[in-house]
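Undergrad: target05.csv is reproduced in full below (CSV, C-alpha atoms).
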chain,number,residue,atom,x,y,z
A,30,MET,CA,-61.9,159.8,61.5
A,31,ILE,CA,-61.0,157.4,58.6
A,32,LEU,CA,-63.3,155.2,56.6
A,33,HIS,CA,-62.5,152.4,54.3
A,34,CYS,CA,-65.2,151.4,51.8
A,35,ASP,CA,-64.9,148.1,50.1
A,36,MET,CA,-67.6,147.1,47.6
A,37,ASN,CA,-68.4,143.4,48.2
A,38,ASN,CA,-67.4,140.9,45.5
A,39,PHE,CA,-67.2,143.8,43.2
A,40,TYR,CA,-66.6,142.2,39.8
A,41,ALA,CA,-69.1,139.4,40.4
A,42,SER,CA,-71.7,141.8,41.9
A,43,VAL,CA,-71.5,144.0,38.8
A,44,GLU,CA,-71.9,141.0,36.5
A,45,CYS,CA,-75.0,139.8,38.5
A,46,LEU,CA,-76.4,143.3,38.2
A,47,TYR,CA,-76.2,143.2,34.4
A,48,ASN,CA,-77.6,139.6,34.3
A,49,PRO,CA,-80.1,139.2,37.1
A,50,LYS,CA,-80.5,135.5,36.2
A,51,LEU,CA,-77.1,134.9,37.9
A,52,ARG,CA,-78.4,136.1,41.3
A,53,GLY,CA,-78.4,133.4,43.9
A,54,LYS,CA,-76.2,131.1,41.9
A,55,PRO,CA,-72.5,130.5,42.5
A,56,VAL,CA,-70.7,132.9,40.1
A,57,ALA,CA,-67.0,133.5,39.3
A,58,VAL,CA,-65.5,136.1,36.9
A,59,ALA,CA,-62.9,134.1,35.1
A,60,GLY,CA,-60.2,134.4,32.4
A,61,ASP,CA,-60.3,132.7,29.0
A,62,VAL,CA,-59.4,129.0,29.2
A,63,GLU,CA,-58.6,128.8,25.5
A,64,GLN,CA,-56.1,131.7,26.0
A,65,ARG,CA,-54.7,130.0,29.0
A,66,HIS,CA,-55.9,132.7,31.4
A,67,GLY,CA,-58.1,130.1,33.1
A,68,ILE,CA,-58.2,131.4,36.7
A,69,VAL,CA,-60.8,132.8,39.0
A,70,LEU,CA,-60.6,136.6,39.0
A,71,ALA,CA,-63.4,137.2,41.5
A,72,LYS,CA,-66.3,135.2,43.0
A,73,ASN,CA,-69.5,135.8,44.8
A,74,TYR,CA,-70.5,134.5,48.3
A,75,GLU,CA,-72.4,131.5,47.0
A,76,ALA,CA,-69.2,130.3,45.2
A,77,LYS,CA,-67.1,131.2,48.2
A,78,ARG,CA,-69.1,128.8,50.4
A,79,TYR,CA,-67.9,125.9,48.3
A,80,GLY,CA,-64.3,126.9,48.8
A,81,VAL,CA,-63.8,128.8,45.5
A,82,SER,CA,-61.1,131.4,45.9
A,83,THR,CA,-59.5,134.1,43.8
A,84,GLY,CA,-56.5,132.9,41.7
A,85,GLN,CA,-57.8,129.3,41.6
A,86,PRO,CA,-57.6,127.4,38.4
A,87,LEU,CA,-61.1,127.0,36.8
A,88,TRP,CA,-60.9,123.2,36.9
A,89,LYS,CA,-60.3,123.3,40.6
A,90,ALA,CA,-63.3,125.7,41.1
A,91,ARG,CA,-65.5,123.4,39.0
A,92,GLN,CA,-64.4,120.5,41.1
A,93,LEU,CA,-65.3,122.2,44.3
A,94,CYS,CA,-68.6,123.6,42.9
A,95,PRO,CA,-70.0,121.7,39.9
A,96,GLU,CA,-72.9,124.3,39.5
A,97,ILE,CA,-70.6,127.3,39.3
A,98,VAL,CA,-71.2,129.8,36.4
A,99,PHE,CA,-68.2,131.3,34.8
A,100,VAL,CA,-68.5,134.8,33.2
A,101,PRO,CA,-65.9,136.8,31.3
A,102,PRO,CA,-64.6,140.1,32.8
A,103,HIS,CA,-65.9,143.5,31.6
A,104,PHE,CA,-63.4,146.0,32.9
A,105,ASP,CA,-65.2,148.9,31.3
A,106,ARG,CA,-68.2,148.2,33.5
A,107,TYR,CA,-66.0,147.9,36.6
A,108,LEU,CA,-64.3,151.2,35.8
A,109,HIS,CA,-67.7,152.9,35.4
A,110,PHE,CA,-69.0,151.7,38.7
A,111,SER,CA,-65.8,152.6,40.5
A,112,ALA,CA,-66.1,156.2,39.2
A,113,LEU,CA,-69.8,156.3,40.3
A,114,ALA,CA,-68.8,155.2,43.8
A,115,ARG,CA,-66.1,157.9,44.0
A,116,GLU,CA,-68.7,160.5,43.0
A,117,ILE,CA,-70.7,159.5,46.0
A,118,TYR,CA,-67.7,159.5,48.3
A,119,GLU,CA,-66.6,163.0,47.2
A,120,GLU,CA,-69.9,164.4,48.3
A,121,TYR,CA,-68.8,163.8,51.9
A,122,THR,CA,-65.1,164.7,51.8
A,123,CYS,CA,-62.4,166.0,49.4
A,124,GLN,CA,-60.0,163.4,50.8
A,125,VAL,CA,-60.7,160.2,48.9
A,126,GLU,CA,-57.9,157.8,48.1
A,127,SER,CA,-58.4,154.7,45.9
A,128,PHE,CA,-56.9,151.3,46.7
A,129,GLY,CA,-57.9,149.4,43.5
A,130,LEU,CA,-61.2,149.7,41.7
A,131,ASP,CA,-63.4,148.6,44.6
A,132,GLU,CA,-61.8,150.1,47.7
A,133,CYS,CA,-61.3,153.7,48.9
A,134,TRP,CA,-60.2,155.4,52.0
A,135,LEU,CA,-62.1,158.6,53.1
A,136,ASP,CA,-60.9,161.1,55.8
A,137,VAL,CA,-64.2,162.5,57.2
A,138,THR,CA,-62.6,164.2,60.2
A,139,GLY,CA,-63.8,167.6,59.0
A,140,SER,CA,-67.2,166.4,57.8
A,141,GLN,CA,-68.7,165.1,61.0
A,142,LYS,CA,-70.4,168.4,61.9
A,143,LEU,CA,-72.2,168.3,58.5
A,144,PHE,CA,-73.0,164.6,58.2
A,145,GLY,CA,-72.7,163.1,61.7
A,146,SER,CA,-70.3,160.6,63.2
A,147,GLY,CA,-68.0,158.3,61.3
A,148,GLN,CA,-70.4,155.4,61.8
A,149,ALA,CA,-73.4,157.5,60.7
A,150,ILE,CA,-71.5,158.5,57.5
A,151,ALA,CA,-70.5,154.9,56.9
A,152,ASP,CA,-74.1,153.7,57.2
A,153,GLU,CA,-75.2,156.4,54.9
A,154,LEU,CA,-72.6,155.5,52.3
A,155,ARG,CA,-73.6,151.8,52.4
A,156,ARG,CA,-77.3,152.7,52.0
A,157,ARG,CA,-76.6,155.0,49.0
A,158,ILE,CA,-74.3,152.5,47.3
A,159,GLN,CA,-76.9,149.8,47.5
A,160,TYR,CA,-79.8,152.1,46.4
A,161,GLU,CA,-77.9,154.0,43.7
A,162,LEU,CA,-75.5,151.4,42.3
A,163,GLY,CA,-77.4,148.2,43.2
A,164,ILE,CA,-74.4,146.5,44.9
A,165,THR,CA,-73.3,146.3,48.6
A,166,ALA,CA,-70.3,147.6,50.5
A,167,SER,CA,-68.7,147.0,53.8
A,168,VAL,CA,-67.1,150.0,55.7
A,169,GLY,CA,-64.5,150.1,58.3
A,170,VAL,CA,-64.4,153.1,60.6
A,171,SER,CA,-61.2,153.9,62.6
A,172,PHE,CA,-58.6,156.4,63.6
A,173,ASN,CA,-56.1,155.3,60.9
A,174,LYS,CA,-56.1,153.8,57.5
A,175,VAL,CA,-54.7,150.3,58.4
A,176,PHE,CA,-57.4,149.6,61.0
A,177,ALA,CA,-60.1,151.1,58.8
A,178,LYS,CA,-59.2,148.6,56.1
A,179,LEU,CA,-59.1,145.8,58.7
A,180,GLY,CA,-62.6,146.8,59.8
A,181,SER,CA,-64.1,146.6,56.3
A,182,ASP,CA,-62.8,143.1,56.1
A,183,LEU,CA,-64.2,141.9,59.4
A,184,LYS,CA,-67.9,141.9,58.5
A,185,LYS,CA,-69.2,141.2,55.0
A,186,PRO,CA,-71.4,141.8,53.2
A,187,ASP,CA,-73.1,145.2,53.8
A,188,ALA,CA,-71.8,146.0,57.3
A,189,THR,CA,-70.1,148.7,59.3
A,190,THR,CA,-67.3,147.9,61.8
A,191,VAL,CA,-66.0,150.5,64.2
A,192,ILE,CA,-62.4,150.2,65.6
A,193,THR,CA,-61.6,152.9,68.2
A,194,ARG,CA,-58.5,153.8,70.3
A,195,GLU,CA,-60.4,152.3,73.2
A,196,ASN,CA,-61.4,148.9,71.7
A,197,TYR,CA,-58.7,148.0,69.1
A,198,ARG,CA,-56.9,145.7,71.5
A,199,ASP,CA,-60.0,143.7,72.0
A,200,VAL,CA,-61.1,143.8,68.4
A,201,VAL,CA,-57.8,143.7,66.4
A,202,TRP,CA,-55.2,141.9,68.5
A,203,PRO,CA,-57.0,138.5,68.7
A,204,LEU,CA,-57.2,138.3,64.9
A,205,PRO,CA,-54.7,136.1,62.9
A,206,VAL,CA,-51.5,138.0,62.0
A,207,SER,CA,-52.3,137.3,58.3
A,208,ASP,CA,-55.3,139.6,58.5
A,209,LEU,CA,-52.9,142.7,58.8
A,210,LEU,CA,-52.2,144.7,55.7
A,211,TYR,CA,-49.0,143.5,54.0
A,212,VAL,CA,-48.6,140.3,56.0
A,213,GLY,CA,-48.5,137.8,53.1
A,214,PRO,CA,-48.1,134.0,53.2
A,215,ALA,CA,-44.3,134.1,53.3
A,216,THR,CA,-44.2,136.7,56.2
A,217,THR,CA,-46.9,134.7,58.0
A,218,GLN,CA,-44.8,131.6,57.9
A,219,LYS,CA,-41.8,133.4,59.2
A,220,LEU,CA,-43.8,134.9,62.1
A,221,HIS,CA,-45.4,131.5,62.9
A,222,ARG,CA,-42.0,129.9,63.3
A,223,TYR,CA,-41.5,132.3,66.2
A,224,ALA,CA,-44.9,131.7,67.8
A,225,ILE,CA,-46.3,135.0,66.5
A,226,HIS,CA,-49.8,133.9,65.5
A,227,THR,CA,-52.0,136.9,66.2
A,228,ILE,CA,-51.8,140.6,65.6
A,229,GLY,CA,-51.5,141.0,69.3
A,230,ASP,CA,-48.4,138.7,69.4
A,231,LEU,CA,-46.9,140.9,66.7
A,232,ALA,CA,-47.8,144.2,68.5
A,233,ASN,CA,-46.0,142.9,71.7
A,234,SER,CA,-42.9,141.7,69.9
A,235,HIS,CA,-39.6,143.4,70.5
A,236,THR,CA,-38.4,146.0,68.0
A,237,ASP,CA,-34.9,144.5,67.6
A,238,PHE,CA,-36.3,141.0,67.0
A,239,LEU,CA,-38.6,142.2,64.2
A,240,ASN,CA,-35.9,144.3,62.7
A,241,GLY,CA,-33.6,141.3,62.6
A,242,LEU,CA,-36.3,139.0,61.2
A,243,LEU,CA,-38.0,141.2,58.6
A,244,GLY,CA,-35.9,144.4,58.4
A,245,LYS,CA,-37.7,147.7,57.9
A,246,ILE,CA,-40.9,145.9,57.0
A,247,GLY,CA,-40.9,144.3,60.4
A,248,LEU,CA,-40.8,147.7,62.1
A,249,MET,CA,-43.6,149.0,59.8
A,250,LEU,CA,-45.8,146.0,60.7
A,251,LEU,CA,-45.1,146.5,64.4
A,252,GLY,CA,-46.4,150.1,63.9
A,253,PHE,CA,-49.5,148.8,62.0
A,254,ALA,CA,-50.3,146.3,64.8
A,255,ASN,CA,-50.1,148.9,67.5
A,256,GLY,CA,-52.2,151.5,65.6
A,257,TRP,CA,-49.3,153.8,64.9
A,258,ASP,CA,-50.1,154.4,61.3
A,259,HIS,CA,-50.3,158.1,60.6
A,260,SER,CA,-50.3,158.2,56.8
A,261,PRO,CA,-52.8,160.7,55.5
A,262,VAL,CA,-55.6,160.1,53.0
A,263,THR,CA,-54.6,161.9,49.9
A,264,ASP,CA,-56.9,164.5,48.3
A,265,ALA,CA,-59.3,163.4,45.6
A,266,GLY,CA,-57.7,163.6,42.1
A,267,VAL,CA,-54.2,163.4,43.5
A,268,TYR,CA,-52.2,160.3,42.4
A,269,PRO,CA,-48.7,159.2,43.1
A,270,ALA,CA,-46.1,159.8,40.4
A,271,VAL,CA,-46.0,157.0,37.8
A,272,LYS,CA,-42.8,155.1,38.2
A,273,SER,CA,-43.2,152.5,35.4
A,274,ILE,CA,-45.5,151.4,32.6
A,275,GLY,CA,-45.8,147.8,31.5
A,276,ASN,CA,-47.8,145.0,30.1
A,277,CYS,CA,-47.5,141.2,30.3
A,278,THR,CA,-49.4,138.3,28.8
A,279,THR,CA,-49.8,134.6,29.1
A,280,ALA,CA,-49.6,133.3,25.5
A,281,PRO,CA,-52.3,131.0,24.2
A,282,LYS,CA,-49.6,128.4,23.5
A,283,ASP,CA,-46.1,127.9,24.6
A,284,LEU,CA,-43.6,130.1,22.8
A,285,VAL,CA,-40.8,127.9,21.4
A,286,THR,CA,-39.8,129.7,18.1
A,287,GLU,CA,-38.0,133.0,17.6
A,288,ASP,CA,-40.9,134.3,15.5
A,289,ALA,CA,-43.3,133.6,18.3
A,290,ILE,CA,-41.1,135.4,20.8
A,291,LYS,CA,-40.7,138.4,18.4
A,292,ILE,CA,-44.4,138.7,17.7
A,293,THR,CA,-45.3,138.7,21.5
A,294,LEU,CA,-42.5,141.1,22.4
A,295,PHE,CA,-43.5,143.5,19.6
A,296,LEU,CA,-47.1,143.5,20.7
A,297,LEU,CA,-46.1,144.2,24.3
A,298,CYS,CA,-43.6,146.9,23.3
A,299,GLU,CA,-46.2,148.6,21.1
A,300,SER,CA,-48.6,148.7,24.0
A,301,VAL,CA,-46.1,150.1,26.4
A,302,ALA,CA,-44.8,152.7,24.0
A,303,GLU,CA,-48.4,153.9,23.2
A,304,ARG,CA,-49.2,154.2,26.9
A,305,LEU,CA,-45.9,156.2,27.4
A,306,ARG,CA,-46.9,158.6,24.6
A,307,GLU,CA,-50.4,159.0,26.0
A,308,GLN,CA,-49.1,160.1,29.4
A,309,ASN,CA,-46.2,162.1,27.9
A,310,PHE,CA,-43.4,160.0,29.4
A,311,GLN,CA,-40.2,158.5,28.0
A,312,CYS,CA,-38.3,155.7,29.6
A,313,ASN,CA,-34.6,155.3,30.4
A,314,THR,CA,-34.7,151.6,31.4
A,315,VAL,CA,-36.4,148.6,29.9
A,316,GLN,CA,-37.3,145.5,31.9
A,317,ILE,CA,-38.5,142.1,30.7
A,318,SER,CA,-40.1,139.2,32.7
A,319,ILE,CA,-40.0,135.6,31.5
A,320,ARG,CA,-42.1,132.8,32.9
A,321,TYR,CA,-41.4,129.3,31.5
A,322,ALA,CA,-43.7,126.4,31.0
A,323,ASP,CA,-42.6,124.9,34.4
A,324,LEU,CA,-43.6,128.3,36.0
A,325,TRP,CA,-40.0,129.3,36.9
A,326,SER,CA,-39.6,133.0,36.2
A,327,CYS,CA,-37.0,135.7,36.0
A,328,ASP,CA,-36.8,139.5,35.5
A,329,ARG,CA,-34.0,141.3,33.7
A,330,GLN,CA,-33.5,145.0,32.9
A,331,LYS,CA,-31.3,147.2,30.7
A,332,LYS,CA,-30.5,150.9,30.8
A,333,LEU,CA,-30.9,152.8,27.5
A,334,ASP,CA,-28.3,155.1,26.0
A,335,PHE,CA,-30.9,157.9,25.8
A,336,PRO,CA,-34.6,158.2,26.8
A,337,VAL,CA,-37.2,157.0,24.2
A,338,TYR,CA,-41.0,156.3,23.9
A,339,ASN,CA,-41.1,154.4,20.6
A,340,SER,CA,-41.8,150.7,20.4
A,341,GLU,CA,-38.8,150.0,18.0
A,342,SER,CA,-36.2,151.1,20.6
A,343,ILE,CA,-38.0,149.4,23.5
A,344,TYR,CA,-38.3,146.2,21.4
A,345,GLN,CA,-34.6,146.2,20.6
A,346,ALA,CA,-33.7,146.5,24.2
A,347,ALA,CA,-36.3,143.9,25.3
A,348,TYR,CA,-35.2,141.4,22.6
A,349,THR,CA,-31.5,141.9,23.5
A,350,LEU,CA,-32.3,141.1,27.1
A,351,TYR,CA,-34.2,138.0,26.0
A,352,GLN,CA,-31.4,136.7,23.8
A,353,ARG,CA,-28.9,137.3,26.6
A,354,HIS,CA,-30.8,135.8,29.5
A,355,HIS,CA,-33.3,133.2,28.3
A,356,LEU,CA,-32.8,129.5,29.0
A,357,PRO,CA,-32.4,127.6,25.7
A,358,ASP,CA,-34.6,124.7,24.9
A,359,LYS,CA,-37.2,125.8,27.5
A,360,ALA,CA,-40.7,126.7,26.3
A,361,ILE,CA,-42.0,130.1,27.5
A,362,ARG,CA,-45.5,130.5,29.0
A,363,SER,CA,-45.7,134.3,29.5
A,364,LEU,CA,-43.7,137.4,28.7
A,365,GLY,CA,-43.8,140.9,30.1
A,366,VAL,CA,-42.2,144.3,29.1
A,367,ARG,CA,-41.9,147.3,31.4
A,368,ALA,CA,-40.6,150.8,30.8
A,369,CYS,CA,-38.9,152.1,34.0
A,370,ASN,CA,-37.0,155.2,35.2
A,371,LEU,CA,-39.5,157.5,33.5
A,372,SER,CA,-39.1,161.2,32.7
A,373,LEU,CA,-41.4,163.7,31.0
A,374,ALA,CA,-41.2,163.9,27.3
A,375,GLU,CA,-41.0,167.7,27.1
A,376,HIS,CA,-38.5,170.1,25.4
A,377,ILE,CA,-36.8,167.3,23.6
A,378,GLN,CA,-33.5,168.6,22.1
A,379,ILE,CA,-33.2,168.1,18.3
A,380,SER,CA,-30.1,166.0,17.7
A,381,PHE,CA,-27.8,165.4,14.7
A,382,LEU,CA,-26.6,162.1,16.2
A,383,PRO,CA,-27.9,159.4,13.8
A,384,GLU,CA,-29.2,157.0,16.5
A,385,ILE,CA,-31.2,159.8,18.2
A,386,ALA,CA,-32.4,161.2,14.9
A,387,ARG,CA,-33.7,157.7,13.9
A,388,ALA,CA,-35.5,157.3,17.2
A,389,GLN,CA,-37.2,160.7,16.8
A,390,LYS,CA,-38.2,159.8,13.3
A,391,GLN,CA,-39.7,156.5,14.6
A,392,GLU,CA,-41.6,158.3,17.3
A,393,ASN,CA,-43.2,160.7,14.7
A,394,LEU,CA,-44.2,157.6,12.7
A,395,GLU,CA,-45.7,155.9,15.8
A,396,HIS,CA,-47.7,159.1,16.6
A,397,ALA,CA,-49.3,158.7,13.2
A,398,ILE,CA,-50.0,155.0,13.9
A,399,ASP,CA,-51.7,156.0,17.2
A,400,ASP,CA,-54.0,158.3,15.3
A,401,ILE,CA,-55.0,155.6,12.9
A,402,ARG,CA,-55.7,153.1,15.6
A,403,ARG,CA,-57.8,155.6,17.6
A,404,ARG,CA,-60.0,156.2,14.5
A,405,PHE,CA,-60.2,152.7,13.1
A,406,GLY,CA,-59.2,150.3,15.9
A,407,HIS,CA,-56.1,148.5,17.1
A,408,PHE,CA,-56.1,145.9,14.3
A,409,SER,CA,-56.5,148.4,11.5
A,410,ILE,CA,-52.7,148.5,11.1
A,411,GLN,CA,-50.3,145.8,12.2
A,412,ARG,CA,-46.7,144.7,11.6
A,413,GLY,CA,-46.1,142.2,8.8
A,414,LEU,CA,-44.6,139.8,11.3
A,415,ALA,CA,-47.9,139.6,13.1
A,416,LEU,CA,-49.6,138.1,10.1
A,417,THR,CA,-47.4,135.0,10.3
A,418,ASP,CA,-49.3,133.8,13.4
A,419,ARG,CA,-52.9,135.0,13.7
A,420,GLU,CA,-53.4,133.2,17.1
A,421,LEU,CA,-50.6,135.1,18.8
A,422,SER,CA,-51.2,138.5,17.0
A,423,ALA,CA,-54.9,138.5,18.1
A,424,LEU,CA,-53.8,140.1,21.4
A,425,ASP,CA,-54.4,143.8,22.1
A,426,PRO,CA,-52.4,144.1,25.4
A,427,LYS,CA,-53.2,147.8,25.8
A,428,ALA,CA,-57.0,147.4,25.6
A,429,GLU,CA,-57.0,144.1,27.6
A,430,HIS,CA,-54.7,144.9,30.4
A,431,ILE,CA,-56.0,144.4,34.0
A,432,ILE,CA,-56.0,147.3,36.4
A,433,HIS,CA,-54.1,146.6,39.6
A,434,PRO,CA,-54.4,148.5,42.8
A,435,ILE,CA,-51.9,151.3,43.6
A,436,GLY,CA,-49.7,150.2,46.4
A,437,PHE,CA,-50.4,151.6,49.9
A,438,LEU,CA,-46.6,151.9,50.5
A,439,HIS,CA,-46.3,154.3,47.5
A,440,ARG,CA,-48.6,156.8,49.1
A,441,GLY,CA,-47.3,160.0,50.7
Show me this structure written as structure tokens.
TA:
Amino acid sequence: MILHCDMNNFYASVECLYNPKLRGKPVAVAGDVEQRHGIVLAKNYEAKRYGVSTGQPLWKARQLCPEIVFVPPHFDRYLHFSALAREIYEEYTCQVESFGLDECWLDVTGSQKLFGSGQAIADELRRRIQYELGITASVGVSFNKVFAKLGSDLKKPDATTVITRENYRDVVWPLPVSDLLYVGPATTQKLHRYAIHTIGDLANSHTDFLNGLLGKIGLMLLGFANGWDHSPVTDAGVYPAVKSIGNCTTAPKDLVTEDAIKITLFLLCESVAERLREQNFQCNTVQISIRYADLWSCDRQKKLDFPVYNSESIYQAAYTLYQRHHLPDKAIRSLGVRACNLSLAEHIQISFLPEIARAQKQENLEHAIDDIRRRFGHFSIQRGLALTDRELSALDPKAEHIIHPIGFLHRG
């Protein structure tokens, strides 16, 4: 018996809770236009009725809904409410698996003798979330995780949907194929070309055909559509192994000079290195992503000679990749840096090789910088290069990074 709890319009609901004057008005949580992060991050139902959607440019949202109210995001609040919701869930089962800040799966198979049926538990959770947190949630109840998530999407807000082994063909199969988990726009278009428009069409497709069209993903989606997903809900507090740590940013202005590139890369590399040290990791590979002003983008990566967790080494690899692969005479809109192929930074062997000794000396220095910033704030100590452009160096990518959901496919 699997539940999927989805807190409705989570970011916007939390903002309306902190500012009751917003209730009943079309509201969107939005990025900073001046920093060129001007898209809709979340919206409430009043805004959705006008056609406002997540990821939409703010000018487009304003065009669709002239009365819309834009509010800045407060991720500390969202993290707090997400933790409060998990505390409620964990009173009913020890198997609670997050899917982003606002969604969780719960396996209540062993809890039904204590708390009632899956639907009864779902209704109780909805009541408690509304009473204790002041926001609403929709809950899907089913025999696997995929259908439970599908159920939570079917009725919003504040509703429970039950999908059983007996009724899933009637409830799930008539739905558009795009409603199924991991069927995105590109996959939807491919399936539509072969007259696969509903989840039922997909469920009744031939294995060899889907394998030829989509590969292994096609076989996975066939299983999802037929209710063959048997992936377990992980225990509360158990998380998949971290495979990479990265940050990216859209610059407040197009990056056209070498100094502008260096400042942005340094800030990102410092953020990545600090997060590596916090989690006691070192990286063996550095990856950069470049998006140009015309929105064309590319990713490139480089294997390091030895594992590191200092920003200087990561920066040198990132800047080398940039010099080697960037398109000259093209302005850059956004940059990203990612540390990949991670290993634990334990039992590091002292080395007399000059390059390794320099890296270890740099890592000791950056540990000291971490301590200063923890006590006095990120901007208490900066590189001299950052002072040449106050607009670019005003970024603190570690503090301002957005939390993305952990991928379902990376679960056990």
Undergrad: Out of A:Arg198, A:Arg419, A:Arg412, A:Arg155, which residue has the shortest atom-to-atom distance to Lys185 (chain A) when counting all atoms listed in the file?
TA: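 Closest to Lys185 (chain A), using all atoms listed in the file: A:Arg155.
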Undergrad: Nearest residue to Gly169 (chain A) out of A:Leu32, A:Ala254, A:Ile361, A:Val58, using only C-alpha atoms?
TA: A:Leu32
Undergrad: So how far away is CA of Ala347 (chain A) from CA of Val315 (chain A), in Å?
TA: 6.6 Å
Undergrad: Just the number, please: distance in Å from CA of Cys34 (chain A) to CA of Glu132 (chain A), one decimal.
TA: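 Spanning CA of Cys34 (chain A) to CA of Glu132 (chain A) is a straight-line distance of 5.5 Å.
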Undergrad: My list of candidates is A:Val98, A:Leu364, A:Cys45, A:Ala346. Which is closest to Gly163 (chain A) when distances are computed with only C-alpha atoms?
TA: A:Cys45
Undergrad: Just to confirm, what's the straight-line distance from CA of Ile317 (chain A) to CA of Tyr351 (chain A) in Å (one decimal)?
TA: 7.6 Å
Undergrad: Looking at A:Leu209, A:Cys123, A:Ala224, A:Val43, which one is nearest to Ile164 (chain A), with distances taken over only C-alpha atoms?
TA: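 Among the listed residues, A:Val43 lies closest to Ile164 (chain A).
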Undergrad: Using only C-alpha atoms for the distances, tell me which of A:Pro336, A:Gly53, A:Gly365, A:Gly139 is nearest to Arg320 (chain A).
TA: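 With only C-alpha atoms as the atom set, the closest residue is A:Gly365.
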Undergrad: Using all atoms listed in the file, find all polymer residues with an atom at most 12 Å away from the point (-78.7, 137.7, 38.1); report them as a ChimeraX atom specification.
TA: /A:41-56,73,98,100,163-164
Undergrad: Just checking: using all atoms listed in the file, which residue out of A:Tyr211, A:Trp325, A:Phe408, A:Tyr344 ends up closest to Ala368 (chain A)?
TA: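 The answer is A:Tyr344, which sits nearest to Ala368 (chain A).
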Undergrad: Tell me, as a count of residues only, which residues lie within 12 Å of Lys332 (chain A), counting only C-alpha atoms; anything in the same chain fewer than 4 positions away does not count.
TA: 20
Undergrad: If we draw a sphere of 8 Å around (-44.5, 138.7, 59.9), which residues have at least one atom in it when counting all atoms listed in the file? Please report them as a list in words.
TA: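 Residues with an atom close enough to that point: Val206, Val212, Gly213, Thr216, Thr217, Gln218, Lys219, Leu220, His221, Ile225, Leu231, Leu243, Gly247 and Leu250 of chain A.
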Undergrad: Which polymer residues have any atom within 12 Å of an atom of Ile117 (chain A), counting only C-alpha atoms, with same-chain residues fewer than 6 positions away left out, as an mmCIF file with C-alpha atoms, keeping the file's coordinate frame?
TA:
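Writing done, so here's out_2.cif:
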data_model
loop_
_atom_site.group_PDB
_atom_site.id
_atom_site.type_symbol
_atom_site.label_atom_id
_atom_site.label_comp_id
_atom_site.auth_asym_id
_atom_site.auth_seq_id
_atom_site.Cartn_x
_atom_site.Cartn_y
_atom_site.Cartn_z
ATOM 1 C CA CYS A 34 -65.200 151.400 51.800
ATOM 2 C CA PHE A 110 -69.000 151.700 38.700
ATOM 3 C CA SER A 111 -65.800 152.600 40.500
ATOM 4 C CA CYS A 123 -62.400 166.000 49.400
ATOM 5 C CA VAL A 125 -60.700 160.200 48.900
ATOM 6 C CA CYS A 133 -61.300 153.700 48.900
ATOM 7 C CA LEU A 135 -62.100 158.600 53.100
ATOM 8 C CA ILE A 150 -71.500 158.500 57.500
ATOM 9 C CA ALA A 151 -70.500 154.900 56.900
ATOM 10 C CA GLU A 153 -75.200 156.400 54.900
ATOM 11 C CA LEU A 154 -72.600 155.500 52.300
ATOM 12 C CA ARG A 155 -73.600 151.800 52.400
ATOM 13 C CA ARG A 156 -77.300 152.700 52.000
ATOM 14 C CA ARG A 157 -76.600 155.000 49.000
ATOM 15 C CA ILE A 158 -74.300 152.500 47.300
ATOM 16 C CA GLN A 159 -76.900 149.800 47.500
ATOM 17 C CA TYR A 160 -79.800 152.100 46.400
ATOM 18 C CA GLU A 161 -77.900 154.000 43.700
ATOM 19 C CA LEU A 162 -75.500 151.400 42.300
#
